[in-house]
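A quick write-up on the structure given underneath.
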Protein chains: 2
Amino acid sequence: MPYQDSPPPSPRGRGRTNHNSEWLLGIAVAEFNRRGYEATSMSQLATAAGITKSTIYHHFGSRELLLRAALERALEALFAVLDQDVADVHGAGERLRRLIADTAGALVAQLPYVTLLLRVRGNTPSERWALDQRREFDRRVAALVADAARAGEVRDDIDPGLATRLIFGMVNSITEWYRADHEAPSAGLADQVASLALEGLRGRCGPSPRESGKW
Amino acid sequence: MPYQDSPPPSPRGRGRTNHNSEWLLGIAVAEFNRRGYEATSMSQLATAAGITKSTIYHHFGSRELLLRAALERALEALFAVLDQDVADVHGAGERLRRLIADTAGALVAQLPYVTLLLRVRGNTPSERWALDQRREFDRRVAALVADAARAGEVRDDIDPGLATRLIFGMVNSITEWYRADHEAPSAGLADQVASLALEGLRGRCGPSPRESGKW
DNA sequence: CAATTTCCCGACCGATCGGTCGGTTTTGAT
DNA sequence: ATCAAAACCGACCGATCGGTCGGGAAATTG
């Protein structure tokens with residue numbers, strides 16, 4: 001049984017190659033998001049995929065490893081944003097703006113996986129691992145917000161920790177309503193979210209650094 | 001079996017009155033929030049309450065009616081905020097600020113119930129009913145935001161519908177981290193949330209209407 | 001071709017699920 | 001003291017749960 005908790009066993013296709021683990025994972029995540037992980041049985045997964053339960057167990061060792069694979073993908077995308085923005089963007093204020101926008105972008109790009117991640121409750125080892133990873137992510141983000149606050153780029157009358165939770169709570173809430181049926185306003189979405197986070201509902205006051213295009 | 005789907009059968013206490021439905025509901029909601037509704041079995045509920053499964057069925061006709069009772073309470077609190085602010089507060093801008101702050105306040109005041117409400121996925125009739133009610137709530141809130149936008153109290157470069165989703169996504173995210181272990185900063189929390197929503201991370205610019213106390 | 005590996009299935013297992021049922025104990029009103 | 005309502009429990013039920021197992025069909029390698 002491949003893909004237990006290590007990367008896929010090299011793509012040397014031997015037997016009947018109709019489906020692969022990747023394809024199955026996509027279907028499973030969609031079902032998990034529709035009904036919730038706990039509420040989705042292996043039978044339902046099998047029906048949705050048009051295969052039998054046993055076939056799922058051929059690709060993934062257990063229901064929880066299926067979840068684990070999905071959570072890993074989501075966390076990879078989020079940490080990639082963090083690492084890249086820390087490496088590329090200089091200036092605490094602009095870095096924070098980019099972090100908000102890029103996180104929103106990653107969220108949309110990997111929507112089903114991140115949606116699943118954000119709903120995890122901690123009932124199983126995989127879920128607890130994911131919660132740990134999320135805490136680590138939040139910790140690093142909070143440090144960047146604190147940097148921006150120290151640099152005077154963020155108001156000082158609201159606790160940076162509270163502000164971090166609220167702003168990224170706003171960003172994460174995108175998973176609750178965003179659907180990909182729009183053509184391509186997703187690029188604009190990330191910038192609008194960052195703008196709303198930084199300048200608020202009332203709108204900008206001090207001139208925003210850089211860019212002033214139409215949205 | 002009382003409390004099926006109509007209000008409790010008049011409080012004329014007859015038999016052993018050690019526990020009542022209210023007490024049981026509180027325990028059930030706490031368990032639902034800990035493990036998720038779908039992941040919490042009636043046996044676990046019974047164990048947590050220190051009674052047997054059958055006793056739960058004596059108070060509530062089914063697992064879903066237990067959920068329904070909890071969701072009703074959450075929605076009552078939210079709609080009460082909406083009705084009161086619409087009735088009491090004049091001026092689209094100030095009304096919006098109050099709506100944000102009071103929603104955050106209600107969320108904290110009824111934390112377990114609202115938390116449960118916000119996690120409902122729509123797997124059962126009760127859940128679908130709650131989702132319908134939430135949609136109605138969101139619709140009415142969006143109308144108030146649109147009012148404020150029309151009155152020039154909200155920037156016009158972000159779609160009011162999008163802004164509504166994001167701002168209340170931020171407010172709702174409070175359920176994911178708030179714990180009542182603080183003494184009483186919850187009063188300040190609601191105002192800070194409203195301020196962050198309206199003036200953004202960068203801080204105020206145009207003078208905020210009313211109040212200017214320390215936070 | 002045969003051998004091997006992957007892919008896939010039907011049948012089955014113990015455990016647990018939500019829910020029912022019949023009966024006992026406690027309580028408040030009369 | 002009586003009695004009905006309310007609170008409560010233990011035993012039980014059909015269904016479904018996550019997971020196992022042995023084997024068959026398709027594709028690749030030699």
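In the structure tokens, chains take the letters A, B, ... in the order shown, each chain's residues start at 1, and ligands count up from 1 in the order shown.
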>> Can you pull out every residue from segment 5-166 of chain B that DSSP, working from the backbone, puts in alpha helix (DSSP H), and format the result as an MDAnalysis selection string?
In response: chainID B and resid 21:35 42:49 53:59 63:88 92:109 111:119 125:150 160:166
When you get a sec, could you note down which chain C residues fall within 12 Å of chain B, using only C-alpha atoms (C1' of nucleotides), as a tab-separated table (two decimals) with C-alpha atoms (C1' of nucleotides), in the first residue's frame?
```tsv
chain	number	residue	atom	x	y	z
C	16	DT	C1'	-19.96	1.33	17.57
C	17	DC	C1'	-23.56	4.10	15.92
C	18	DG	C1'	-28.41	6.51	16.87
C	19	DG	C1'	-32.37	5.12	18.77
C	20	DT	C1'	-36.13	2.08	21.29
C	21	DC	C1'	-38.36	-0.25	25.03
C	25	DT	C1'	-37.30	5.47	41.37
C	26	DT	C1'	-38.09	10.13	42.74
C	27	DT	C1'	-40.94	14.01	43.20
C	28	DG	C1'	-44.80	17.35	43.84
C	29	DA	C1'	-49.55	18.00	44.15
```
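Every protein or nucleic acid residue with an atom no more than 10 Å from DT29 of chain D, counting only C-alpha atoms (C1' of nucleotides) and leaving out same-chain residues fewer than 2 positions away, appears here: Arg14 of chain A; DA3, DT4 and DT5 of chain C; DA27 of chain D.
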Writing out the chosen residues with N, CA and C atoms (P, O5', C5', C4', C3', O3' and C1' of nucleotides) as a PDB file, in the first residue's frame:
```
ATOM      1  N   ARG A  14       2.870   0.568 -13.515  1.00  0.00           N
ATOM      2  CA  ARG A  14       2.895  -0.819 -13.946  1.00  0.00           C
ATOM      3  C   ARG A  14       1.475  -1.240 -14.309  1.00  0.00           C
TER       4      ARG A  14
ATOM      5  P    DA C   3       6.001 -18.551 -15.569  1.00  0.00           P
ATOM      6  O5'  DA C   3       6.402 -17.112 -15.009  1.00  0.00           O
ATOM      7  C5'  DA C   3       7.644 -16.545 -15.424  1.00  0.00           C
ATOM      8  C4'  DA C   3       7.781 -15.146 -14.852  1.00  0.00           C
ATOM      9  C3'  DA C   3       7.253 -15.005 -13.427  1.00  0.00           C
ATOM     10  O3'  DA C   3       8.216 -14.301 -12.656  1.00  0.00           O
ATOM     11  C1'  DA C   3       6.224 -13.404 -14.849  1.00  0.00           C
ATOM     12  P    DT C   4       8.078 -14.126 -11.079  1.00  0.00           P
ATOM     13  O5'  DT C   4       7.686 -12.594 -11.006  1.00  0.00           O
ATOM     14  C5'  DT C   4       8.372 -11.657 -11.856  1.00  0.00           C
ATOM     15  C4'  DT C   4       7.652 -10.317 -11.820  1.00  0.00           C
ATOM     16  C3'  DT C   4       7.098  -9.936 -10.449  1.00  0.00           C
ATOM     17  O3'  DT C   4       7.563  -8.653 -10.140  1.00  0.00           O
ATOM     18  C1'  DT C   4       5.477  -9.603 -12.138  1.00  0.00           C
ATOM     19  P    DT C   5       7.724  -8.130  -8.637  1.00  0.00           P
ATOM     20  O5'  DT C   5       6.838  -6.812  -8.735  1.00  0.00           O
ATOM     21  C5'  DT C   5       6.972  -5.961  -9.888  1.00  0.00           C
ATOM     22  C4'  DT C   5       5.676  -5.208 -10.130  1.00  0.00           C
ATOM     23  C3'  DT C   5       4.973  -4.739  -8.852  1.00  0.00           C
ATOM     24  O3'  DT C   5       4.880  -3.335  -8.876  1.00  0.00           O
ATOM     25  C1'  DT C   5       3.431  -5.687 -10.384  1.00  0.00           C
TER      26       DT C   5
ATOM     27  P    DA D  27      -5.364  -2.273 -19.867  1.00  0.00           P
ATOM     28  O5'  DA D  27      -3.798  -2.064 -19.650  1.00  0.00           O
ATOM     29  C5'  DA D  27      -3.363  -1.280 -18.557  1.00  0.00           C
ATOM     30  C4'  DA D  27      -1.974  -1.706 -18.141  1.00  0.00           C
ATOM     31  C3'  DA D  27      -0.910  -1.647 -19.251  1.00  0.00           C
ATOM     32  O3'  DA D  27       0.062  -0.692 -18.881  1.00  0.00           O
ATOM     33  C1'  DA D  27      -0.723  -3.628 -17.949  1.00  0.00           C
TER      34       DA D  27
END
```
For chain B versus chain A, which residues have an atom no more than 6 Å away, and what is each residue's nearest atom pair and distance in Å rounded to one decimal, using only C-alpha atoms, chain-then-number order, as CSV?
```
residue,atom,partner,partner_atom,distance
B:Glu38,CA,A:Ala39,CA,5.6
B:Ala39,CA,A:Glu38,CA,5.6
B:Val154,CA,A:Arg202,CA,4.7
B:Arg155,CA,A:Gly203,CA,5.0
B:Leu166,CA,A:Met170,CA,5.5
B:Gly169,CA,A:Ser173,CA,5.0
B:Met170,CA,A:Met170,CA,4.0
B:Ser173,CA,A:Gly169,CA,5.0
B:Ala197,CA,A:Gly200,CA,5.4
B:Leu198,CA,A:Leu201,CA,4.4
B:Glu199,CA,A:Gly200,CA,4.3
B:Gly200,CA,A:Gly200,CA,3.5
B:Leu201,CA,A:Leu198,CA,4.4
B:Arg202,CA,A:Val154,CA,4.7
B:Gly203,CA,A:Arg155,CA,4.9
B:Cys205,CA,A:Cys205,CA,5.6
```
